[in-house]
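Step one of this worksheet: look at the structure below.
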Amino acid sequence: MKKSTTILSILQSILTPEEVESIVNRSGYADKARKFTVYQLLQYWCTAAYEEWPSYRAGSDRASLSGLVEVHYSRFSSKAAEVPFAVFKEIFHLLVRKCNREIRRKLAFPKELLLIDSTTVTVGKTRLPWAPYHGERSGVKLHVALQVETEQPLQVEETVGSRHDGLVSESLTQLPFIMVMDRAYGKLERLDRFKQDGQSFVIRLHDNVHLEKPKALRRQSPMELPVIRDITCQLGTPQCRSKKRHRVVIFQDFEGREIRVVTDLMHVTAEQIAQIYKARWQIEVFFRWIKQHMNLTTLFGTTENAVYGQLFSALMVYVLLKWSFDALSLKMPRHARLSFVQFSRLFGLCKLPIERVVRLNRLLQYASGRMTCITISC
């Protein structure tokens with residue numbers, strides 16, 4: 001069984017051509033092609049990410065070996081440039097809704113955690129003149145809200161590389177979650193607004209933020225490290241100061257560096273606040289994995305549609321792999337469990353244990369019937 005056929009069979013079991021066609025119609029794009037439809041372009045993009053194709057031409061040469069319809073590379077390129085990337089964005093979020101079926105780990109936190117951060121894909125300045133970044137580089141950003149319990153992206157927004165992260169974060173907030181973010185998102189006005197709106201958060205503060213009128217919530221002992229201080233205070237200088245008092249927890253990380261985080265959570269321990277922020281490392285691992293394995297750093301096209309269409313399709317492959325891994329790991333004895341990295345490697349080499357292959361085939365047969373019952377508007 002070819003690895004590309006396997007990833008395509010997962011895609012075909014969860015997402016039907018009719019669903020893609022419905023999204024295309026709503027976007028206003030007229031897909032008049034008979035030999036190379038948007039659904040087939042989606043299959044090309046997903047295979048390109050999974051097999052790490054280096055270019056349009058190389059992908060067209062490998063298409064027949066991957067179980068895809070054969071088209072000339074110029075058609076692949078022109079189709080990628082003309083299909084609105086909003087189509088692939090909506091398909092991605094549809095897949096997330098379908099695959100995110102509450103496969104959870106038990107965490108000792110009051111709410112679910114939602115990690116928010118961005119990753120940047122850069123190229124030479126002349127490649128993407130519409131996407132300025134720094135100096136002689138152009139780039140695009142993917143702003144991701146990642147669920148800790150399922151390790152799946154809940155929402156993704158795309159921008160050019162020069163767009164500030166904090167401006168995009170507000171479109172990613174979700175009231176049922178505790179938002180966990182790094183320093184780029186810690187604007188004082190935003191912290192006050194989150195607290196007023198009831199949006200729970202744990203956000204790292206810049207080291208130069210002044211702590212005004214601190215009041216200790218408890219006495220600290222040197223033996224209670226890594227937590228150093230647990231206080232409430234206003235933030236900032238008289239020229240720019242928060243209107244509300246916020247809780248600030250200061251602790252040491254694994255390397256002994258002092259970390260200051262601000263939060264609205266008042267009924268959990270300082271140690272739990274520190275653990276919540278440390279969970280943010282998971283989104284860094286996610287970014288590193290998709291860049292290493294989903295071909296994100298090799299952009300085929302130069303237009304917005306081609307670039308963002310490729311990136312959202314690569315994220316779809318991650319969602320499909322993670323969904324398969326989680327579903328196959330259920331009720332598996334501890335000694336037979338694989339990590340996601342091990343599963344992905346064996347899956348790509350077509351060397352999964354035979355019992356897992358059988359379970360995967362059964363899962364896909366079941367999913368092909370169950371998933372079609374989930375409407376796009378869910």
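Chain labels run A, B, ... following the order of the structure tokens; each chain numbers its residues from 1, and ligands are numbered from 1 in the order shown.
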
- Task: Pick out the residues sitting within 8 Å of Ser77 of chain A, and hand them over as a VMD selection string; count only C-alpha atoms, and ignore anything fewer than 6 positions along from it in its own chain.
- Result: chain A and resid 56 301 306

- Contacts of segment 127-141 of chain A within 7 Å, only C-alpha atoms, excl. fewer than 3 positions in-chain, as a PyMOL selection string: chain A and resi 118-124+158-162+302

- Message: Under the rule that only C-alpha atoms are counted, which of A:Val144, A:Ala327, A:Leu320, A:Ala49 is the nearest residue to Tyr366 of chain A?
- Response: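 Nearest to Tyr366 of chain A: A:Ala327.
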
- Task: Can you pull out every residue within 7 Å of Val156 of chain A, counting only C-alpha atoms, but drop anything in the same chain fewer than 5 positions away, and send it as JSON, numbers by chain?
- Result: {"A": [142, 143, 144, 145]}

- With a distance cut-off of 12 Å and only C-alpha atoms, select the neighbouring residues of Gln239 of chain A, excluding the residue or stretch itself and same-chain residues fewer than 4 positions from it, and output the selection as a list in words.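 My list of contacting residues is Leu188, His210, Leu235 and Lys243 of chain A.
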
Atoms kept (C-alpha atoms) for selection, written as a PDB file, in the first residue's frame:
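The result, written out as part-v3.pdb:
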ATOM      1  CA  LEU A 188      -2.160  46.293  28.924  1.00  0.00           C
ATOM      2  CA  HIS A 210       6.420  47.933  36.046  1.00  0.00           C
ATOM      3  CA  LEU A 235       0.707  47.058  35.493  1.00  0.00           C
ATOM      4  CA  LYS A 243      -7.014  50.185  34.898  1.00  0.00           C
TER       5      LYS A 243
END

- Distance of atom CA of Arg193 of chain A from atom CA of Cys240 of chain A, expressed in Å to one decimal place: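 It comes out at 14.8 Å.
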
- Task: Return the single residue from A:Gln310, A:Gln234, A:Ser78, A:Ser60 that is closest to Val209 of chain A, with distances computed using only C-alpha atoms.
- Result: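 Smallest separation from Val209 of chain A among the options: A:Gln234.
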
- Task: Considering only C-alpha atoms, return as a list of chain:residue names whatever protein or nucleic-acid residues lie within 7 Å of segment 84-90 of chain A, sequence-local ones (same chain, fewer than 5 positions apart) excluded.
- Result: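 The filter keeps A:Ile23, A:Val24, A:Ser27, A:Asn305, A:Tyr308, A:Gly309, A:Phe312, A:Ser313.
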
Can I get the selection written as a PDB file, in the first residue's frame, with all heavy atoms?
ATOM      1  N   ILE A  23     -18.631  24.111  -0.531  1.00  0.00           N
ATOM      2  CA  ILE A  23     -17.786  25.218  -0.067  1.00  0.00           C
ATOM      3  C   ILE A  23     -17.349  26.088  -1.243  1.00  0.00           C
ATOM      4  O   ILE A  23     -17.340  27.316  -1.158  1.00  0.00           O
ATOM      5  CB  ILE A  23     -16.561  24.669   0.697  1.00  0.00           C
ATOM      6  CG1 ILE A  23     -17.007  24.034   2.014  1.00  0.00           C
ATOM      7  CG2 ILE A  23     -15.537  25.769   0.960  1.00  0.00           C
ATOM      8  CD1 ILE A  23     -15.892  23.340   2.772  1.00  0.00           C
ATOM      9  N   VAL A  24     -16.989  25.450  -2.349  1.00  0.00           N
ATOM     10  CA  VAL A  24     -16.569  26.190  -3.545  1.00  0.00           C
ATOM     11  C   VAL A  24     -17.705  27.072  -4.050  1.00  0.00           C
ATOM     12  O   VAL A  24     -17.492  28.251  -4.394  1.00  0.00           O
ATOM     13  CB  VAL A  24     -16.110  25.217  -4.650  1.00  0.00           C
ATOM     14  CG1 VAL A  24     -15.884  25.956  -5.962  1.00  0.00           C
ATOM     15  CG2 VAL A  24     -14.826  24.515  -4.228  1.00  0.00           C
ATOM     16  N   SER A  27     -18.177  30.137  -2.014  1.00  0.00           N
ATOM     17  CA  SER A  27     -17.085  31.109  -2.154  1.00  0.00           C
ATOM     18  C   SER A  27     -17.258  32.000  -3.385  1.00  0.00           C
ATOM     19  O   SER A  27     -16.592  33.022  -3.509  1.00  0.00           O
ATOM     20  CB  SER A  27     -15.739  30.386  -2.249  1.00  0.00           C
ATOM     21  OG  SER A  27     -15.594  29.757  -3.519  1.00  0.00           O
ATOM     22  N   ASN A 305      -3.263  33.034  -3.206  1.00  0.00           N
ATOM     23  CA  ASN A 305      -4.047  31.801  -3.291  1.00  0.00           C
ATOM     24  C   ASN A 305      -3.152  30.565  -3.252  1.00  0.00           C
ATOM     25  O   ASN A 305      -3.451  29.584  -2.548  1.00  0.00           O
ATOM     26  CB  ASN A 305      -4.887  31.796  -4.568  1.00  0.00           C
ATOM     27  CG  ASN A 305      -6.039  32.775  -4.509  1.00  0.00           C
ATOM     28  OD1 ASN A 305      -6.509  33.119  -3.430  1.00  0.00           O
ATOM     29  ND2 ASN A 305      -6.491  33.238  -5.661  1.00  0.00           N
ATOM     30  N   TYR A 308      -1.247  30.389   0.510  1.00  0.00           N
ATOM     31  CA  TYR A 308      -2.117  30.030   1.624  1.00  0.00           C
ATOM     32  C   TYR A 308      -2.857  28.719   1.361  1.00  0.00           C
ATOM     33  O   TYR A 308      -3.130  27.964   2.303  1.00  0.00           O
ATOM     34  CB  TYR A 308      -3.118  31.156   1.897  1.00  0.00           C
ATOM     35  CG  TYR A 308      -2.491  32.414   2.450  1.00  0.00           C
ATOM     36  CD1 TYR A 308      -2.820  33.665   1.945  1.00  0.00           C
ATOM     37  CD2 TYR A 308      -1.558  32.349   3.480  1.00  0.00           C
ATOM     38  CE1 TYR A 308      -2.246  34.825   2.457  1.00  0.00           C
ATOM     39  CE2 TYR A 308      -0.979  33.494   3.995  1.00  0.00           C
ATOM     40  CZ  TYR A 308      -1.325  34.732   3.481  1.00  0.00           C
ATOM     41  OH  TYR A 308      -0.758  35.879   3.987  1.00  0.00           O
ATOM     42  N   GLY A 309      -3.176  28.448   0.091  1.00  0.00           N
ATOM     43  CA  GLY A 309      -3.793  27.154  -0.221  1.00  0.00           C
ATOM     44  C   GLY A 309      -2.873  26.004   0.131  1.00  0.00           C
ATOM     45  O   GLY A 309      -3.308  24.986   0.694  1.00  0.00           O
ATOM     46  N   PHE A 312      -2.658  25.782   4.186  1.00  0.00           N
ATOM     47  CA  PHE A 312      -3.846  25.207   4.820  1.00  0.00           C
ATOM     48  C   PHE A 312      -3.987  23.720   4.489  1.00  0.00           C
ATOM     49  O   PHE A 312      -4.430  22.931   5.325  1.00  0.00           O
ATOM     50  CB  PHE A 312      -5.100  25.975   4.414  1.00  0.00           C
ATOM     51  CG  PHE A 312      -5.354  27.204   5.243  1.00  0.00           C
ATOM     52  CD1 PHE A 312      -5.169  28.467   4.716  1.00  0.00           C
ATOM     53  CD2 PHE A 312      -5.755  27.095   6.561  1.00  0.00           C
ATOM     54  CE1 PHE A 312      -5.388  29.604   5.489  1.00  0.00           C
ATOM     55  CE2 PHE A 312      -5.987  28.221   7.338  1.00  0.00           C
ATOM     56  CZ  PHE A 312      -5.795  29.485   6.802  1.00  0.00           C
ATOM     57  N   SER A 313      -3.597  23.321   3.290  1.00  0.00           N
ATOM     58  CA  SER A 313      -3.651  21.900   2.936  1.00  0.00           C
ATOM     59  C   SER A 313      -2.655  21.094   3.772  1.00  0.00           C
ATOM     60  O   SER A 313      -2.942  19.968   4.190  1.00  0.00           O
ATOM     61  CB  SER A 313      -3.365  21.720   1.445  1.00  0.00           C
ATOM     62  OG  SER A 313      -4.345  22.371   0.661  1.00  0.00           O
TER      63      SER A 313
END

- Message: Please return, as JSON, numbers by chain, all residues of segment 158-272 of chain A that DSSP assigns to helix (DSSP H, G or I) on the basis of the backbone.
- Response: {"A": [165, 166, 167, 168, 169, 183, 184, 185, 188, 189, 190, 191, 192, 193, 194, 195, 196, 197, 222, 223, 224, 270, 271, 272]}

- Write out as a ChimeraX atom specification all residues of segment 211-285 of chain A that backbone DSSP assigns to strand (DSSP E). /A:211-216,227-237,240-241,246-252,258-263

- Query: So how far away is atom CA of Asp264 of chain A from atom CA of Ser171 of chain A, in Å?
  - Reply: 19.4 Å

- Record the distance separating atom CA of Leu299 of chain A and atom CA of Glu157 of chain A, expressed in Å with one decimal.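 We find that atom CA of Leu299 of chain A and atom CA of Glu157 of chain A lie 17.8 Å from each other.
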
- Surrounding residues of Thr6 of chain A excluding itself and chain neighbours under 3 positions, 12 Å, only C-alpha atoms, as a list of chain:residue names: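 The contact residues come out as A:Met1, A:Lys2, A:Lys3, A:Ser9, A:Ile10, A:Leu11, A:Gln12, A:Ser13, A:Gln43, A:Cys46, A:Thr47, A:Tyr50, A:Glu51, A:Ser66, A:Gly67, A:Val317, A:Leu320, A:Leu321, A:Ser324, A:Phe347, A:Gly348, A:Leu349, A:Cys350, A:Leu352, A:Val357, A:Leu360, A:Asn361, A:Leu364.
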
- Item | Residue with smallest distance to Ile290 of chain A - pool A:Glu21, A:Glu82, A:Glu52, A:Glu304, counting only C-alpha atoms |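 Closest to Ile290 of chain A of all the choices is A:Glu52.
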